[in-house]
>>> print(open('structure-v4.csv').read())   # CSV, C-alpha atoms and all ligand atoms
chain,number,residue,atom,x,y,z
A,91,MET,CA,132.1,-237.8,106.4
A,92,ALA,CA,129.4,-235.4,105.9
A,93,LEU,CA,128.8,-234.5,109.5
A,94,LEU,CA,132.3,-233.4,110.0
A,95,HIS,CA,131.3,-230.2,108.3
A,96,ARG,CA,129.2,-229.5,111.2
A,97,PHE,CA,131.1,-231.1,114.0
A,98,SER,CA,134.8,-231.3,113.9
A,99,CYS,CA,136.4,-233.4,116.5
A,100,CYS,CA,139.9,-233.1,117.8
A,101,SER,CA,141.9,-234.5,120.6
A,102,SER,CA,145.4,-234.6,121.9
A,103,PRO,CA,147.1,-236.7,124.6
A,104,SER,CA,147.2,-233.7,126.9
A,105,SER,CA,143.7,-232.4,126.6
A,106,PRO,CA,140.3,-234.0,126.6
A,107,PRO,CA,138.7,-234.4,123.2
A,108,VAL,CA,136.4,-231.7,122.2
A,109,ILE,CA,133.7,-231.3,119.7
A,110,SER,CA,133.5,-228.0,117.8
A,111,LEU,CA,130.0,-227.2,117.1
A,112,THR,CA,129.9,-224.3,114.6
A,113,LYS,CA,126.8,-222.3,114.4
A,114,SER,CA,125.6,-220.5,111.3
A,115,THR,CA,126.9,-217.3,112.8
A,116,SER,CA,130.3,-218.8,112.2
A,117,LYS,CA,131.1,-218.7,115.9
A,118,SER,CA,132.3,-222.0,117.3
A,119,ILE,CA,131.3,-223.5,120.6
A,120,LEU,CA,133.8,-225.9,122.0
A,121,PHE,CA,132.8,-228.3,124.7
A,122,PRO,CA,134.4,-231.5,126.0
A,123,ILE,CA,133.1,-234.8,124.7
A,124,SER,CA,132.6,-235.8,128.4
A,125,HIS,CA,129.8,-233.2,128.4
A,126,LEU,CA,127.9,-235.1,125.8
A,127,PRO,CA,124.8,-236.9,127.0
A,128,ARG,CA,125.8,-240.4,128.1
A,129,HIS,CA,122.3,-241.6,128.9
A,130,ARG,CA,121.5,-242.6,125.3
A,131,ARG,CA,122.3,-246.2,125.0
A,132,PHE,CA,120.2,-248.0,122.5
A,133,PRO,CA,119.1,-251.4,123.6
A,134,GLN,CA,119.6,-254.5,121.4
A,135,ARG,CA,115.9,-255.1,121.3
A,136,PHE,CA,113.5,-252.4,120.4
A,137,PRO,CA,110.2,-251.7,122.0
A,138,SER,CA,107.3,-252.2,119.6
A,139,PHE,CA,106.2,-248.6,119.5
A,140,ARG,CA,107.5,-246.1,116.9
A,141,LEU,CA,107.5,-242.4,117.0
A,142,THR,CA,107.6,-240.7,113.7
A,143,ALA,CA,109.3,-237.4,112.8
A,144,THR,CA,110.0,-236.1,109.4
A,145,LEU,CA,112.1,-233.4,108.0
A,146,ALA,CA,110.9,-231.1,105.3
A,147,ALA,CA,114.0,-232.2,103.4
A,148,GLU,CA,112.8,-235.7,103.5
A,149,SER,CA,109.8,-237.2,101.9
A,150,PRO,CA,108.7,-240.7,101.1
A,151,ALA,CA,110.2,-242.4,98.1
A,152,GLY,CA,108.8,-241.2,94.9
A,153,SER,CA,109.4,-240.8,91.2
A,154,VAL,CA,112.6,-239.1,90.2
A,155,SER,CA,111.3,-237.5,87.1
A,156,GLY,CA,110.7,-234.0,88.2
A,157,GLY,CA,108.7,-232.3,90.9
A,158,GLY,CA,105.0,-231.9,91.2
A,159,GLY,CA,104.0,-231.5,87.6
A,160,GLY,CA,105.9,-228.2,87.1
A,161,GLN,CA,109.3,-227.6,85.6
A,162,PRO,CA,112.0,-229.2,87.7
A,163,LYS,CA,114.1,-226.5,89.4
A,164,LEU,CA,117.8,-226.0,89.0
A,165,LEU,CA,119.4,-227.2,92.2
A,166,LEU,CA,123.1,-226.8,91.5
A,167,GLU,CA,124.8,-224.8,88.9
A,168,VAL,CA,128.5,-225.0,88.6
A,169,LYS,CA,130.2,-222.7,86.1
A,170,ASP,CA,133.9,-222.7,85.1
A,171,LEU,CA,134.9,-223.8,88.6
A,172,THR,CA,138.7,-223.8,89.1
A,173,ALA,CA,140.4,-224.7,92.4
A,174,VAL,CA,143.9,-225.4,93.7
A,175,ILE,CA,145.3,-227.3,96.7
A,176,ALA,CA,145.5,-224.6,99.3
A,177,GLU,CA,148.9,-225.6,100.6
A,178,SER,CA,150.8,-226.1,97.4
A,179,GLY,CA,148.8,-223.9,95.0
A,180,GLN,CA,148.6,-226.9,92.6
A,181,LYS,CA,145.7,-226.6,90.2
A,182,ILE,CA,143.3,-229.5,90.3
A,183,LEU,CA,140.0,-228.2,88.9
A,184,ASN,CA,140.3,-226.6,85.5
A,185,GLY,CA,136.9,-225.2,84.8
A,186,VAL,CA,134.1,-227.6,85.8
A,187,ASN,CA,130.7,-227.0,84.4
A,188,LEU,CA,127.7,-229.0,85.7
A,189,SER,CA,124.0,-228.3,86.2
A,190,ILE,CA,121.8,-230.6,88.3
A,191,TYR,CA,118.0,-230.3,88.4
A,192,GLU,CA,115.8,-231.6,91.1
A,193,GLY,CA,115.0,-235.2,90.8
A,194,GLU,CA,118.1,-236.0,88.7
A,195,ILE,CA,120.8,-238.6,89.4
A,196,HIS,CA,124.2,-237.7,88.0
A,197,ALA,CA,127.2,-240.0,87.9
A,198,ILE,CA,130.8,-238.8,87.5
A,199,MET,CA,133.4,-241.3,86.3
A,200,GLY,CA,137.0,-240.7,85.4
A,201,LYS,CA,140.5,-241.9,85.8
A,202,ASN,CA,142.2,-241.9,89.2
A,203,GLY,CA,143.5,-238.5,90.0
A,204,SER,CA,141.3,-236.7,87.5
A,205,GLY,CA,139.8,-234.5,90.3
A,206,LYS,CA,136.5,-236.2,91.1
A,207,SER,CA,136.9,-236.2,94.9
A,208,THR,CA,138.5,-232.8,94.8
A,209,PHE,CA,135.4,-231.5,93.1
A,210,ALA,CA,133.1,-233.1,95.7
A,211,LYS,CA,135.2,-231.7,98.5
A,212,VAL,CA,135.3,-228.2,97.0
A,213,LEU,CA,131.5,-228.2,96.8
A,214,VAL,CA,131.2,-228.8,100.5
A,215,GLY,CA,133.9,-226.2,101.3
A,216,HIS,CA,136.8,-228.5,102.4
A,217,LYS,CA,139.6,-226.4,103.8
A,218,ASP,CA,142.3,-228.2,101.8
A,219,TYR,CA,141.2,-226.5,98.6
A,220,GLU,CA,140.9,-222.9,97.5
A,221,VAL,CA,138.5,-221.8,94.8
A,222,THR,CA,140.3,-219.6,92.3
A,223,GLY,CA,137.5,-218.9,89.8
A,224,GLY,CA,134.0,-219.7,88.6
A,225,SER,CA,130.8,-219.9,90.4
A,226,VAL,CA,128.6,-222.4,92.3
A,227,VAL,CA,124.9,-221.7,92.9
A,228,PHE,CA,123.0,-224.1,95.2
A,229,LYS,CA,119.2,-223.5,95.6
A,230,GLY,CA,119.7,-220.0,94.3
A,231,GLU,CA,122.4,-219.1,96.7
A,232,ASN,CA,126.1,-218.5,96.2
A,233,LEU,CA,127.5,-221.7,97.7
A,234,LEU,CA,131.0,-220.5,97.7
A,235,GLU,CA,130.2,-217.7,100.1
A,236,MET,CA,128.7,-220.1,102.6
A,237,GLU,CA,130.6,-221.7,105.5
A,238,PRO,CA,130.9,-225.5,105.2
A,239,GLU,CA,128.5,-225.9,108.1
A,240,ASP,CA,125.9,-223.8,106.4
A,241,ARG,CA,126.3,-225.7,103.2
A,242,SER,CA,125.5,-228.8,105.1
A,243,LEU,CA,122.6,-227.3,106.9
A,244,ALA,CA,121.3,-226.0,103.6
A,245,GLY,CA,120.9,-229.6,102.4
A,246,LEU,CA,124.2,-230.5,100.8
A,247,PHE,CA,125.6,-233.9,102.0
A,248,LEU,CA,128.9,-235.5,101.1
A,249,SER,CA,129.6,-239.1,101.8
A,250,PHE,CA,133.4,-239.2,101.8
A,251,GLN,CA,135.4,-241.7,99.8
A,252,SER,CA,137.3,-242.5,103.1
A,253,PRO,CA,135.0,-241.9,106.0
A,254,VAL,CA,136.9,-240.8,109.1
A,255,GLU,CA,136.7,-242.3,112.6
A,256,ILE,CA,135.8,-240.1,115.6
A,257,PRO,CA,137.1,-241.7,118.8
A,258,GLY,CA,135.1,-241.0,121.9
A,259,VAL,CA,131.9,-239.9,120.2
A,260,SER,CA,129.1,-242.4,119.8
A,261,ASN,CA,127.2,-242.7,116.6
A,262,SER,CA,123.9,-242.1,118.3
A,263,ASP,CA,125.1,-238.8,120.0
A,264,PHE,CA,126.6,-237.7,116.8
A,265,LEU,CA,123.6,-238.4,114.7
A,266,GLN,CA,121.2,-236.9,117.2
A,267,MET,CA,123.2,-233.7,117.4
A,268,ALA,CA,123.5,-233.4,113.7
A,269,TYR,CA,119.8,-234.1,113.1
A,270,ASN,CA,118.7,-231.6,115.8
A,271,ALA,CA,121.0,-228.9,114.2
A,272,ARG,CA,119.2,-229.5,110.9
A,273,ARG,CA,115.8,-229.3,112.6
A,274,ARG,CA,116.8,-226.0,114.3
A,275,LYS,CA,117.8,-224.7,110.9
A,276,LEU,CA,114.4,-225.7,109.5
A,277,GLY,CA,112.6,-224.1,112.5
A,278,LEU,CA,111.5,-227.4,113.9
A,279,PRO,CA,111.6,-228.4,117.5
A,280,GLU,CA,114.5,-230.7,118.5
A,281,LEU,CA,113.8,-234.3,119.2
A,282,ASP,CA,114.6,-235.7,122.6
A,283,PRO,CA,116.4,-239.0,122.9
A,284,LEU,CA,113.2,-241.1,122.9
A,285,GLN,CA,111.8,-239.3,119.9
A,286,PHE,CA,115.1,-239.6,118.1
A,287,TYR,CA,115.1,-243.3,118.9
A,288,GLY,CA,111.7,-243.7,117.2
A,289,TYR,CA,112.9,-241.7,114.3
A,290,ILE,CA,116.1,-243.6,113.6
A,291,MET,CA,114.9,-247.1,114.0
A,292,PRO,CA,113.3,-247.3,110.5
A,293,LYS,CA,116.4,-245.8,109.1
A,294,LEU,CA,118.5,-248.5,110.6
A,295,GLU,CA,116.3,-251.1,108.9
A,296,MET,CA,116.4,-249.2,105.7
A,297,VAL,CA,120.2,-249.4,105.5
A,298,ASN,CA,120.3,-252.9,107.2
A,299,ILE,CA,122.5,-251.8,110.1
A,300,LYS,CA,122.2,-253.4,113.6
A,301,ALA,CA,121.1,-251.1,116.4
A,302,ASP,CA,124.2,-251.7,118.4
A,303,PHE,CA,126.1,-249.7,115.8
A,304,LEU,CA,124.5,-246.6,117.4
A,305,ASN,CA,126.4,-247.3,120.6
A,306,ARG,CA,129.8,-247.6,118.9
A,307,ASN,CA,132.1,-244.7,118.3
A,308,VAL,CA,131.6,-243.1,114.9
A,309,ASN,CA,133.2,-245.4,112.4
A,310,GLU,CA,135.8,-246.7,114.9
A,311,GLY,CA,136.7,-250.3,114.1
A,312,PHE,CA,134.0,-250.4,111.3
A,313,SER,CA,134.9,-252.4,108.3
A,314,GLY,CA,135.1,-250.5,105.0
A,315,GLY,CA,131.6,-251.7,104.1
A,316,GLU,CA,130.2,-250.8,107.5
A,317,LYS,CA,131.6,-247.3,107.2
A,318,LYS,CA,129.8,-246.9,103.8
A,319,ARG,CA,126.5,-248.1,105.3
A,320,ASN,CA,127.0,-245.7,108.1
A,321,GLU,CA,127.4,-242.9,105.7
A,322,ILE,CA,124.1,-243.8,104.1
A,323,LEU,CA,122.5,-244.0,107.5
A,324,GLN,CA,123.7,-240.4,108.1
A,325,LEU,CA,122.1,-239.4,104.8
A,326,ALA,CA,118.9,-241.2,105.7
A,327,VAL,CA,118.8,-239.4,109.1
A,328,LEU,CA,119.7,-236.0,107.9
A,329,GLY,CA,118.0,-235.9,104.5
A,330,ALA,CA,119.6,-233.8,101.8
A,331,GLU,CA,118.5,-232.0,98.7
A,332,LEU,CA,121.8,-232.9,97.1
A,333,ALA,CA,123.6,-236.0,98.2
A,334,ILE,CA,127.2,-236.4,96.9
A,335,LEU,CA,128.3,-240.0,97.2
A,336,ASP,CA,132.0,-240.4,96.6
A,337,GLU,CA,132.7,-244.1,95.7
A,338,ILE,CA,130.0,-245.3,98.0
A,339,ASP,CA,130.4,-248.7,96.3
A,340,SER,CA,134.1,-249.2,97.1
A,341,GLY,CA,134.7,-252.0,99.5
A,342,LEU,CA,131.1,-253.2,99.4
A,343,ASP,CA,130.2,-256.8,98.8
A,344,VAL,CA,127.3,-257.4,96.4
A,345,ASP,CA,124.7,-257.6,99.3
A,346,ALA,CA,125.9,-254.4,100.9
A,347,LEU,CA,125.9,-252.7,97.5
A,348,ARG,CA,122.3,-253.8,97.0
A,349,ASP,CA,121.3,-252.5,100.5
A,350,VAL,CA,123.1,-249.2,100.1
A,351,SER,CA,121.6,-248.7,96.6
A,352,LYS,CA,118.2,-249.6,97.8
A,353,ALA,CA,118.4,-247.1,100.6
A,354,VAL,CA,119.7,-244.3,98.2
A,355,ASN,CA,116.8,-245.0,95.8
A,356,ALA,CA,114.3,-245.0,98.6
A,357,LEU,CA,115.6,-241.6,99.6
A,358,MET,CA,115.1,-240.1,96.2
A,359,THR,CA,112.1,-237.8,95.8
A,360,PRO,CA,111.0,-235.5,92.9
A,361,THR,CA,112.8,-232.6,94.6
A,362,ASN,CA,116.2,-234.0,95.6
A,363,SER,CA,119.2,-235.2,93.6
A,364,VAL,CA,122.2,-237.4,93.8
A,365,LEU,CA,125.7,-236.9,92.5
A,366,MET,CA,127.6,-240.1,92.7
A,367,ILE,CA,131.2,-240.7,91.9
A,368,THR,CA,132.1,-244.2,90.8
A,369,HIS,CA,134.4,-246.3,88.8
A,370,TYR,CA,132.1,-249.2,88.3
A,371,ARG,CA,129.1,-249.9,86.1
A,372,GLN,CA,127.6,-252.2,88.6
A,373,LEU,CA,126.5,-249.3,90.9
A,374,LEU,CA,124.8,-247.7,87.9
A,375,GLU,CA,122.7,-250.8,87.5
A,376,PHE,CA,121.3,-250.3,90.9
A,377,ILE,CA,121.1,-246.5,91.0
A,378,LYS,CA,120.2,-245.5,87.5
A,379,PRO,CA,121.7,-242.2,86.5
A,380,THR,CA,120.0,-239.5,84.5
A,381,TYR,CA,123.4,-238.4,83.1
A,382,ILE,CA,126.9,-239.8,83.3
A,383,HIS,CA,129.9,-237.4,83.1
A,384,ILE,CA,133.5,-238.1,82.5
A,385,MET,CA,136.0,-236.0,84.4
A,386,ASP,CA,139.4,-235.6,82.9
A,387,GLU,CA,142.2,-233.4,84.1
A,388,GLY,CA,139.9,-231.4,86.4
A,389,LYS,CA,137.0,-230.8,84.0
A,390,ILE,CA,134.1,-232.6,82.7
A,391,SER,CA,135.1,-233.7,79.2
A,392,LYS,CA,132.0,-235.7,78.2
A,393,THR,CA,128.4,-236.1,79.2
A,394,GLY,CA,126.0,-238.8,78.1
A,395,ASP,CA,123.9,-241.7,79.2
A,396,ILE,CA,124.6,-245.3,80.3
A,397,SER,CA,126.2,-246.0,76.9
A,398,ILE,CA,129.2,-244.1,78.2
A,399,ALA,CA,129.6,-246.6,81.0
A,400,ASN,CA,129.2,-249.4,78.5
A,401,ILE,CA,132.0,-248.1,76.3
A,402,LEU,CA,134.2,-247.5,79.4
A,403,GLU,CA,133.7,-251.0,80.6
A,404,LYS,CA,134.7,-252.4,77.2
A,405,GLU,CA,137.4,-250.0,76.1
A,406,GLY,CA,138.6,-248.0,79.1
A,407,TYR,CA,139.1,-244.3,79.4
A,408,LYS,CA,141.2,-244.1,76.2
A,409,ALA,CA,138.0,-244.5,74.3
A,410,MET,CA,136.6,-241.4,76.0
A,411,SER,CA,139.3,-239.1,74.7
A,412,THR,CA,139.0,-240.3,71.1
A,413,SER,CA,135.2,-240.5,70.8
B,501,LIG,N1,144.8,-232.4,99.9
B,501,LIG,C1,145.6,-232.8,98.8
B,501,LIG,N2,147.0,-232.7,98.9
B,501,LIG,C2,147.8,-233.0,97.9
B,501,LIG,N3,147.3,-233.5,96.7
B,501,LIG,C3,146.0,-233.6,96.6
B,501,LIG,C4,145.1,-233.3,97.6
B,501,LIG,N4,143.8,-233.5,97.2
B,501,LIG,C5,144.0,-234.0,95.9
B,501,LIG,N5,145.2,-234.0,95.6
B,501,LIG,C6,145.8,-234.5,94.3
B,501,LIG,O1,144.9,-234.0,93.3
B,501,LIG,C7,144.7,-234.9,92.2
B,501,LIG,C8,143.2,-235.3,92.1
B,501,LIG,O2,142.8,-236.0,93.3
B,501,LIG,P1,141.4,-236.5,93.5
B,501,LIG,O3,140.4,-235.4,93.3
B,501,LIG,O4,141.3,-237.3,94.8
B,501,LIG,O5,141.2,-237.5,92.3
B,501,LIG,P2,140.1,-238.6,92.0
B,501,LIG,O6,139.1,-238.6,93.1
B,501,LIG,O7,139.6,-238.3,90.6
B,501,LIG,O8,140.9,-239.9,92.0
B,501,LIG,C9,145.6,-236.1,92.6
B,501,LIG,O9,146.8,-236.0,91.9
B,501,LIG,C10,145.7,-236.0,94.1
B,501,LIG,O10,146.9,-236.6,94.5
B,502,MG,MG,138.5,-240.0,94.5
>>> encode(input="structure-v4.csv", output="structure tokens")
Amino acid sequence: MALLHRFSCCSSPSSPPVISLTKSTSKSILFPISHLPRHRRFPQRFPSFRLTATLAAESPAGSVSGGGGGQPKLLLEVKDLTAVIAESGQKILNGVNLSIYEGEIHAIMGKNGSGKSTFAKVLVGHKDYEVTGGSVVFKGENLLEMEPEDRSLAGLFLSFQSPVEIPGVSNSDFLQMAYNARRRKLGLPELDPLQFYGYIMPKLEMVNIKADFLNRNVNEGFSGGEKKRNEILQLAVLGAELAILDEIDSGLDVDALRDVSKAVNALMTPTNSVLMITHYRQLLEFIKPTYIHIMDEGKISKTGDISIANILEKEGYKAMSTS
């Protein structure tokens, strides 16, 4: 899950669980989970007032066709990116090239094992992978030189294919800490629990999640679909210039797929972008991509429009290698 780039949680039977809060200085602060505020318990029924707070990274739903009349800006530029599995040295990415402009929605499709999730994880700086060549520029900065936490604070969000559970940490504490970390980064004052409550309530509605989910430990005991909704809740709370959604549709029934897609579309603005990884055309009906890419053996082998997905659905990936 995205927030793990900022807060990594660990526990062992002999020691109390701790949260590692890594600051942009790359120094880590460790503190026991028991030190987390325990007073934030969200009631089942909400008071009628709402406080509003917005992030610069977020803006109301808008057109996705370029920002403010000017030329859309290049948000992400990946050139000849190669990467290996850190432990084994096995090469997975074999020269990925991809440019994403503000306001665009890109979809990556591709056979199982072609490197889609690896690409997503390499972008956010996952420790399992080592970049061996190429470049990645995000908002004009060398992404590969940034710590994972800083990538996240800079506006890169990854919704993991398999979101992890964090025992002992409530969703509300987790989200509030992450959101306040982002506000600090943006030079905005932190929200206190009441203000945060006012901020998050509309987000819950947006993703169609019940408020009692906030009191539950992060993803613990959540069904597959609930985990995916929770990922989108995190995205809605944090805002992101580039949201990478890795198989956000897997395990969702059609209603959940509709809710999640609606929320993602509502979060689109002329200045942010989405990179979604999917196997299924149905998601592309709900979140319409500007471009579809096919990943094959660790590189993007084909780029096109929705017609690629139509061919795939009819003929499978074989058709991609011959056309
Ligand atoms: N941490 C890892 N350890 C070992 N093998 C890995 C790891 N991450 C990815 N792989 C392998 O790399 C290949 C690409 O995986 P992945 O990027 O998850 O593919 P996709 O998302 O396209 O299905 C697969 O063969 C997978 O088993
Ligand atoms: Mg995958």
>>> closest_atom_pairs(input="structure-v4.csv", of="chain A", to="ligand LIG 501 (chain B)", cutoff="10 Å", atoms="only C-alpha atoms and all ligand atoms", output="CSV")
residue,atom,partner,partner_atom,distance
A:Val174,CA,B:LIG501,O1,8.7
A:Ile175,CA,B:LIG501,C1,5.9
A:Ala176,CA,B:LIG501,N1,7.9
A:Glu177,CA,B:LIG501,N2,7.5
A:Ser178,CA,B:LIG501,C2,7.5
A:Gly179,CA,B:LIG501,C2,9.6
A:Gln180,CA,B:LIG501,N3,7.9
A:Lys181,CA,B:LIG501,O1,8.1
A:Ile182,CA,B:LIG501,O1,5.6
A:Leu183,CA,B:LIG501,C8,8.4
A:Ile198,CA,B:LIG501,O7,9.3
A:Met199,CA,B:LIG501,O7,8.1
A:Gly200,CA,B:LIG501,O7,6.3
A:Lys201,CA,B:LIG501,O7,6.1
A:Asn202,CA,B:LIG501,O8,3.7
A:Gly203,CA,B:LIG501,O5,3.4
A:Ser204,CA,B:LIG501,O7,3.9
A:Gly205,CA,B:LIG501,O3,3.2
A:Lys206,CA,B:LIG501,O7,3.8
A:Ser207,CA,B:LIG501,O6,3.7
A:Thr208,CA,B:LIG501,O3,3.6
A:Phe209,CA,B:LIG501,O3,6.3
A:Ala210,CA,B:LIG501,O3,8.0
A:Lys211,CA,B:LIG501,O3,8.2
A:Val212,CA,B:LIG501,O3,9.6
A:His216,CA,B:LIG501,N1,9.2
A:Lys217,CA,B:LIG501,N1,8.8
A:Asp218,CA,B:LIG501,N1,5.2
A:Tyr219,CA,B:LIG501,N1,7.0
A:Gln251,CA,B:LIG501,O6,8.3
A:Asp336,CA,B:LIG501,O6,8.1
A:Glu337,CA,B:LIG501,O6,8.8
A:Ile367,CA,B:LIG501,O6,8.3
A:Thr368,CA,B:LIG501,O6,9.3
A:His369,CA,B:LIG501,O8,9.7
A:Met385,CA,B:LIG501,O7,7.5
A:Asp386,CA,B:LIG501,O7,8.2
A:Glu387,CA,B:LIG501,C8,8.3
A:Gly388,CA,B:LIG501,C8,7.7
>>> residues_around(input="structure-v4.csv", residues="His383 in chain A", least_positions_apart="2", cutoff="10 Å", atoms="all atoms listed in the file", output="PDB file with C-alpha atoms, in the coordinates of the input")
ATOM      1  CA  LEU A 188     127.700-229.000  85.700  1.00  0.00           C
ATOM      2  CA  HIS A 196     124.200-237.700  88.000  1.00  0.00           C
ATOM      3  CA  ALA A 197     127.200-240.000  87.900  1.00  0.00           C
ATOM      4  CA  ILE A 198     130.800-238.800  87.500  1.00  0.00           C
ATOM      5  CA  MET A 199     133.400-241.300  86.300  1.00  0.00           C
ATOM      6  CA  GLY A 200     137.000-240.700  85.400  1.00  0.00           C
ATOM      7  CA  ILE A 367     131.200-240.700  91.900  1.00  0.00           C
ATOM      8  CA  TYR A 381     123.400-238.400  83.100  1.00  0.00           C
ATOM      9  CA  MET A 385     136.000-236.000  84.400  1.00  0.00           C
ATOM     10  CA  ASP A 386     139.400-235.600  82.900  1.00  0.00           C
ATOM     11  CA  LYS A 389     137.000-230.800  84.000  1.00  0.00           C
ATOM     12  CA  ILE A 390     134.100-232.600  82.700  1.00  0.00           C
ATOM     13  CA  SER A 391     135.100-233.700  79.200  1.00  0.00           C
ATOM     14  CA  LYS A 392     132.000-235.700  78.200  1.00  0.00           C
ATOM     15  CA  THR A 393     128.400-236.100  79.200  1.00  0.00           C
ATOM     16  CA  GLY A 394     126.000-238.800  78.100  1.00  0.00           C
ATOM     17  CA  ASP A 395     123.900-241.700  79.200  1.00  0.00           C
ATOM     18  CA  ILE A 396     124.600-245.300  80.300  1.00  0.00           C
ATOM     19  CA  ILE A 398     129.200-244.100  78.200  1.00  0.00           C
ATOM     20  CA  ALA A 399     129.600-246.600  81.000  1.00  0.00           C
TER      21      ALA A 399
END
>>> atom_distance(input="structure-v4.csv", atom1="CA of Ser242 in chain A", atom2="CA of Gly311 in chain A")
25.9 Å
>>> closest_residue(input="structure-v4.csv", among="A:Arg272, A:Ser249, A:Tyr191, A:Ala330", to="ligand MG 502 (chain B)", atoms="all atoms listed in the file")
A:Ser249
>>> closest_residue(input="structure-v4.csv", among="A:Glu239, A:Asp282, A:Ser340, A:Lys300", to="ligand MG 502 (chain B)", atoms="only C-alpha atoms and all ligand atoms")
A:Ser340
>>> residues_around(input="structure-v4.csv", residues="range 343-350 of chain A", least_positions_apart="4", cutoff="9 Å", atoms="all atoms listed in the file", output="PyMOL selection string")
chain A and resi 296-298+315-316+318-319+322+338-339+354-355+373+376
>>> atom_distance(input="structure-v4.csv", atom1="CA of Ala271 in chain A", atom2="CA of Gly288 in chain A")
17.7 Å
>>> residues_around(input="structure-v4.csv", residues="range 225-231 of chain A", least_positions_apart="3", cutoff="6 Å", atoms="all atoms listed in the file", output="mmCIF file with C-alpha atoms, in the coordinates of the input")
data_model
loop_
_atom_site.group_PDB
_atom_site.id
_atom_site.type_symbol
_atom_site.label_atom_id
_atom_site.label_comp_id
_atom_site.auth_asym_id
_atom_site.auth_seq_id
_atom_site.Cartn_x
_atom_site.Cartn_y
_atom_site.Cartn_z
ATOM 1 C CA LEU A 165 119.400 -227.200 92.200
ATOM 2 C CA LEU A 166 123.100 -226.800 91.500
ATOM 3 C CA GLU A 167 124.800 -224.800 88.900
ATOM 4 C CA VAL A 168 128.500 -225.000 88.600
ATOM 5 C CA LYS A 169 130.200 -222.700 86.100
ATOM 6 C CA LEU A 171 134.900 -223.800 88.600
#
>>> closest_residue(input="structure-v4.csv", among="A:Pro292, A:Leu335, A:Glu220, A:Leu246", to="ligand MG 502 (chain B)", atoms="only C-alpha atoms and all ligand atoms")
A:Leu335
